[in-house]
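K.L.:
Please find one structure pasted underneath; my questions will follow.
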Amino acid sequence: MLSINNFNELSFLVYGLGLSGKSTIKFFKKNNIKNYKVWDDKIKNLYSSNRSKNLEKTFKEVDFIVLSPGISLKKSKNKKKLVKYKHKIITDLDLVFLLNKFFKTIVVTGSNGKSTTCKILHHLLKKNNFKVQLGGNIGTPILDLDIKSEDYLIIEASSFQLSHSKFICPDYGVLLNISNDHLDWHGNIHHYIDSKFKLFKFQKKKQFAIVNKNLKNQYKLKNLSGTLVIPSIKKYKQIKNKIKNSYLNSDINDENMTNIFELSKLLKITKKSFIKSLKSFVGLPHRYEIFLKKKNCTFINDSKATSFQATKFALANTKDIFWIVGGLPKKNDKIDLKNIKKNIVQAYIIGKNIKFFKTQLKKRIKFKVVWNIKNSVNQVLKDIKVLKKEKNTILFSPASASYDQFPNFEKRGDKFKALSKIYARKFI
């Protein structure tokens, strides 16, 4: 494996000048790595002194292409060149593993629950006096961190990053789950699954692969070398009620917590300390966030649910739901309400893809088309006033991306929270 000592002998092309691309350039400057070029399909004047003048020549000459994770080989205007030199493509995560000076790595991936799992892990390790850092897809570019040899580094890894990885080799790899997601980027579900399992490809016997029991057989078929660990939800539930934290006690977090409990045992954190440490954890915004309770109404912001599988967790673990749904649906996503439609009083469809959601919900549950969040909150509270139910849950879990009406799920969730507080004062 390469080491940081011979980086100066290598040449790089940083392709894509988003957060990770800029972070990579900062990393190169910090480590006195001068032999690099930059390229972005849209931005022309940034880092102009290092900008490639002849992209085909640069592709041919460099040792590695550090590709920003959001760039798809199927959609980039230079897709033919990228595919031709695919064997050179790495990501910022690979650079972390190339420079590794003996710090321990925990890498978490999955279709749903990555950010929450990483945040809980970070909290748990800090409470147990581990020197720990957190970065990756969760927000802080991994190369922006100042990692020491004694640190534990928690990385949230996307399928985009893993797909092109050639050196990622975690001490502890965690695969939470897999559902239809990002198929427009990967092309099909098989490529998406393969990208997730890249997490374990280079592991050695003394490294651990924590894998959802539903994915155990796929792991075994790939003939991987890491030590396989299958989390036991039964064992976690034996201690669940001892954790005095209403957010973590929710059934919606069982899968995340089962994986974390399994990892805590590998890290030799005692049950007593595990239980005590998690009392003070505060949940992330936009992930099943109970932000308002007023009389007989509970408001939940689950804007991060950008696929039906993500929303399904909320629908399955909540009762008396007035469900606000809609946005930009994921490719091949389907809404399956089997065994959970009894929890839903009525749905309210927002966004610009009304036809898709009407087709999915028709003859399954009652619904109204309300077009936007403002109308949805207004209509929900009017209906609650008429129905006079003992308990009411206003669940904003869109089951789709936000880009038809909002730049991201955070802005979408903030809008729902602000309007809920305004209309709650008016109607409740």
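Ordering of the structure tokens sets the chain letters (A, B, ...); residue numbers start at 1 within each chain; ligands are numbered from 1 in the order shown.
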Find the residues near segment 15-32 of chain A: any atom within 7 Å, counting only C-alpha atoms, skip ones fewer than 2 places away on the same chain, and give them as a PyMOL selection string.

P.N.:
chain A and resi 13+34+38-40+65-68+92+141+143-144

K.L.:
Let me see the file: selected residues, C-alpha atoms, as a compact mmCIF listing (two decimals), in the first residue's frame.

P.N.:
# COMPACT_ATOMS: atom_id res chain seq x y z
CA LEU A 13 -6.14 15.31 -10.94
CA LYS A 34 2.56 20.04 -5.55
CA VAL A 38 -7.79 20.54 -11.09
CA TRP A 39 -10.90 20.33 -13.22
CA ASP A 40 -14.58 21.13 -12.87
CA ILE A 65 -7.99 11.01 -10.41
CA VAL A 66 -9.57 12.17 -7.14
CA LEU A 67 -13.23 12.29 -8.15
CA SER A 68 -15.84 14.26 -6.19
CA ASP A 92 -11.01 11.61 -0.69
CA PRO A 141 -15.00 16.66 4.60
CA LEU A 143 -9.53 15.57 4.79
CA ASP A 144 -10.36 18.72 6.80

K.L.:
Would you mind writing down, as JSON, numbers by chain, each residue of segment 59-270 of chain A that DSSP on the backbone assigns to strand (DSSP E)?

P.N.:
{"A": [64, 65, 66, 67, 89, 90, 104, 105, 106, 107, 108, 109, 132, 133, 134, 135, 136, 152, 153, 154, 155, 156, 172, 173, 174, 175, 208, 209, 210, 211, 227, 228, 229]}

K.L.:
Go ahead and save the residues from that selection, with N, CA and C atoms, as a tab-separated table (two decimals), in the first residue's frame.

P.N.:
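As written to disk, result_30.tsv reads:
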chain	number	residue	atom	x	y	z
A	64	PHE	N	-3.41	9.32	-10.28
A	64	PHE	CA	-4.74	9.14	-9.72
A	64	PHE	C	-5.65	10.31	-10.07
A	65	ILE	N	-6.95	10.00	-10.23
A	65	ILE	CA	-7.99	11.01	-10.41
A	65	ILE	C	-8.84	10.99	-9.14
A	66	VAL	N	-8.77	12.08	-8.37
A	66	VAL	CA	-9.57	12.17	-7.14
A	66	VAL	C	-10.92	12.76	-7.52
A	67	LEU	N	-11.92	11.89	-7.62
A	67	LEU	CA	-13.23	12.29	-8.15
A	67	LEU	C	-14.18	12.69	-7.03
A	89	ILE	N	-9.36	6.21	-10.85
A	89	ILE	CA	-10.25	7.01	-10.02
A	89	ILE	C	-10.21	6.54	-8.56
A	90	ILE	N	-10.01	7.50	-7.65
A	90	ILE	CA	-10.13	7.26	-6.22
A	90	ILE	C	-10.97	8.39	-5.62
A	104	LYS	N	-7.51	4.30	14.34
A	104	LYS	CA	-8.54	3.30	14.09
A	104	LYS	C	-9.69	3.92	13.29
A	105	THR	N	-10.28	3.14	12.40
A	105	THR	CA	-11.36	3.67	11.57
A	105	THR	C	-12.64	2.86	11.74
A	106	ILE	N	-13.75	3.60	11.85
A	106	ILE	CA	-15.10	3.02	11.87
A	106	ILE	C	-15.85	3.65	10.70
A	107	VAL	N	-16.23	2.84	9.72
A	107	VAL	CA	-16.92	3.38	8.55
A	107	VAL	C	-18.33	2.83	8.50
A	108	VAL	N	-19.30	3.73	8.40
A	108	VAL	CA	-20.72	3.36	8.43
A	108	VAL	C	-21.36	3.69	7.09
A	109	THR	N	-22.08	2.72	6.52
A	109	THR	CA	-22.84	2.98	5.31
A	109	THR	C	-24.19	2.26	5.39
A	132	VAL	N	-11.95	10.78	19.61
A	132	VAL	CA	-12.76	10.41	18.44
A	132	VAL	C	-13.05	11.62	17.57
A	133	GLN	N	-13.07	11.40	16.25
A	133	GLN	CA	-13.44	12.44	15.29
A	133	GLN	C	-14.47	11.86	14.33
A	134	LEU	N	-15.26	12.75	13.74
A	134	LEU	CA	-16.36	12.35	12.86
A	134	LEU	C	-16.33	13.19	11.59
A	135	GLY	N	-16.47	12.52	10.44
A	135	GLY	CA	-16.49	13.26	9.18
A	135	GLY	C	-16.98	12.40	8.03
A	136	GLY	N	-16.85	12.94	6.82
A	136	GLY	CA	-17.30	12.22	5.63
A	136	GLY	C	-18.59	12.80	5.10
A	152	TYR	N	-9.86	7.56	17.13
A	152	TYR	CA	-10.82	6.73	16.41
A	152	TYR	C	-11.54	7.66	15.44
A	153	LEU	N	-11.51	7.31	14.17
A	153	LEU	CA	-12.13	8.15	13.14
A	153	LEU	C	-13.41	7.48	12.65
A	154	ILE	N	-14.55	8.15	12.87
A	154	ILE	CA	-15.84	7.65	12.39
A	154	ILE	C	-16.14	8.34	11.06
A	155	ILE	N	-16.41	7.53	10.04
A	155	ILE	CA	-16.67	8.06	8.70
A	155	ILE	C	-18.04	7.62	8.23
A	156	GLU	N	-18.87	8.57	7.83
A	156	GLU	CA	-20.11	8.23	7.12
A	156	GLU	C	-19.78	8.17	5.64
A	172	TYR	N	-13.42	-1.28	11.54
A	172	TYR	CA	-14.80	-1.68	11.83
A	172	TYR	C	-15.69	-1.12	10.71
A	173	GLY	N	-16.23	-1.99	9.87
A	173	GLY	CA	-17.15	-1.57	8.82
A	173	GLY	C	-18.57	-1.93	9.22
A	174	VAL	N	-19.50	-0.99	9.07
A	174	VAL	CA	-20.89	-1.21	9.47
A	174	VAL	C	-21.81	-0.98	8.26
A	175	LEU	N	-22.53	-2.03	7.85
A	175	LEU	CA	-23.53	-1.93	6.78
A	175	LEU	C	-24.91	-2.10	7.39
A	208	PHE	N	-13.30	-6.02	11.40
A	208	PHE	CA	-14.66	-6.51	11.62
A	208	PHE	C	-15.66	-5.94	10.61
A	209	ALA	N	-16.53	-6.82	10.14
A	209	ALA	CA	-17.62	-6.44	9.23
A	209	ALA	C	-18.94	-6.67	9.95
A	210	ILE	N	-19.59	-5.59	10.36
A	210	ILE	CA	-20.88	-5.67	11.06
A	210	ILE	C	-21.97	-5.51	10.01
A	211	VAL	N	-22.72	-6.58	9.77
A	211	VAL	CA	-23.63	-6.64	8.62
A	211	VAL	C	-25.03	-7.05	9.05
A	227	THR	N	-13.74	-10.34	9.68
A	227	THR	CA	-14.49	-11.14	10.64
A	227	THR	C	-15.95	-10.67	10.66
A	228	LEU	N	-16.86	-11.54	10.23
A	228	LEU	CA	-18.27	-11.18	10.11
A	228	LEU	C	-18.95	-11.17	11.47
A	229	VAL	N	-19.69	-10.08	11.74
A	229	VAL	CA	-20.47	-9.94	12.97
A	229	VAL	C	-21.91	-9.62	12.58

K.L.:
Kindly indicate which residue among A:Leu224, A:Glu390, A:Val96, A:Ile422 lies nearest to Lys204 of chain A, using only C-alpha atoms for the distances.

P.N.:
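Smallest separation from Lys204 of chain A among the options: A:Leu224.
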
K.L.:
Pick from A:Lys415, A:Lys101, A:Lys222, A:Lys57: nearest to Val377 of chain A, with only C-alpha atoms counted?

P.N.:
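Comparing A:Lys415, A:Lys101, A:Lys222, A:Lys57 against Val377 of chain A, the winner is A:Lys415.
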
K.L.:
Taking the DSSP secondary structure from the backbone, can you list the residues of segment 244-273 of chain A that are helix (DSSP H, G or I), as a VMD selection string?

P.N.:
chain A and resid 246 to 249 251 to 266 271 to 273

K.L.:
With C-alpha atoms retained, export the selected residues as a PDB file, in the first residue's frame.

P.N.:
ATOM      1  CA  SER A 246     -37.230   8.844  24.608  1.00  0.00           C
ATOM      2  CA  TYR A 247     -35.611   9.449  21.201  1.00  0.00           C
ATOM      3  CA  LEU A 248     -33.511   6.276  21.339  1.00  0.00           C
ATOM      4  CA  ASN A 249     -36.316   4.233  22.893  1.00  0.00           C
ATOM      5  CA  ASP A 251     -38.717   1.573  17.709  1.00  0.00           C
ATOM      6  CA  ILE A 252     -37.591   3.604  14.698  1.00  0.00           C
ATOM      7  CA  ASN A 253     -34.032   3.538  16.082  1.00  0.00           C
ATOM      8  CA  ASP A 254     -33.848  -0.194  16.845  1.00  0.00           C
ATOM      9  CA  GLU A 255     -31.796  -1.057  13.766  1.00  0.00           C
ATOM     10  CA  ASN A 256     -29.288   1.748  14.360  1.00  0.00           C
ATOM     11  CA  MET A 257     -28.980   0.934  18.045  1.00  0.00           C
ATOM     12  CA  THR A 258     -28.568  -2.809  17.460  1.00  0.00           C
ATOM     13  CA  ASN A 259     -25.523  -2.125  15.270  1.00  0.00           C
ATOM     14  CA  ILE A 260     -24.105   0.371  17.761  1.00  0.00           C
ATOM     15  CA  PHE A 261     -24.563  -2.061  20.654  1.00  0.00           C
ATOM     16  CA  GLU A 262     -22.691  -4.757  18.724  1.00  0.00           C
ATOM     17  CA  LEU A 263     -19.837  -2.369  17.973  1.00  0.00           C
ATOM     18  CA  SER A 264     -19.712  -1.201  21.600  1.00  0.00           C
ATOM     19  CA  LYS A 265     -18.994  -4.779  22.676  1.00  0.00           C
ATOM     20  CA  LEU A 266     -16.112  -5.044  20.190  1.00  0.00           C
ATOM     21  CA  LYS A 271     -23.379  -2.556  29.180  1.00  0.00           C
ATOM     22  CA  LYS A 272     -23.556  -0.300  32.205  1.00  0.00           C
ATOM     23  CA  SER A 273     -21.501   2.404  30.520  1.00  0.00           C
TER      24      SER A 273
END

K.L.:
What's around Gly351 of chain A at 6 Å? Count only C-alpha atoms, leave out sequence neighbours fewer than 2 positions away in its own chain, and write the answer as number ranges by chain.

P.N.:
A: 326-327, 353, 371-372

K.L.:
Keeping N, CA and C atoms for every residue in the selection just given, could you write it to a file as a compact mmCIF listing (two decimals), in the first residue's frame?

P.N.:
# COMPACT_ATOMS: atom_id res chain seq x y z
N GLY A 326 -44.66 13.66 -0.45
CA GLY A 326 -44.52 14.18 -1.81
C GLY A 326 -43.20 14.89 -2.05
N GLY A 327 -42.84 14.98 -3.32
CA GLY A 327 -41.58 15.59 -3.72
C GLY A 327 -41.11 14.95 -5.00
N ASN A 353 -44.96 16.25 -8.30
CA ASN A 353 -45.14 14.92 -8.87
C ASN A 353 -46.42 14.28 -8.33
N TRP A 371 -50.60 20.32 -2.62
CA TRP A 371 -49.58 20.99 -3.43
C TRP A 371 -48.34 21.47 -2.68
N ASN A 372 -48.51 22.09 -1.52
CA ASN A 372 -47.32 22.62 -0.83
C ASN A 372 -47.45 22.45 0.68

K.L.:
What gap, in Å, lies between atom CA of Phe97 of chain A and atom CA of Pro170 of chain A?

P.N.:
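Distance between the two atoms: 8.4 Å.
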
K.L.:
Using only C-alpha atoms, which residue out of A:Lys86, A:Lys338, A:Lys358, A:Lys201 lies closest to Ser225 of chain A?

P.N.:
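Selected residue with least distance to Ser225 of chain A: A:Lys201.
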
K.L.:
Counting only C-alpha atoms, figure out which residue out of A:Asn339, A:Ser307, A:Asn129, A:Asn332 gets nearest to Ala401 of chain A.

P.N.:
A:Ser307

K.L.:
Give me the residues near segment 283-296 of chain A as a PyMOL selection string, where near means some atom within 9 Å (using only C-alpha atoms) and where sequence neighbours in that chain fewer than 5 positions away do not count.

P.N.:
chain A and resi 113+115-116+119-120+247-248+252+301-305+314+389-393+395-397+409-410+413-414+417+420-421+424+428
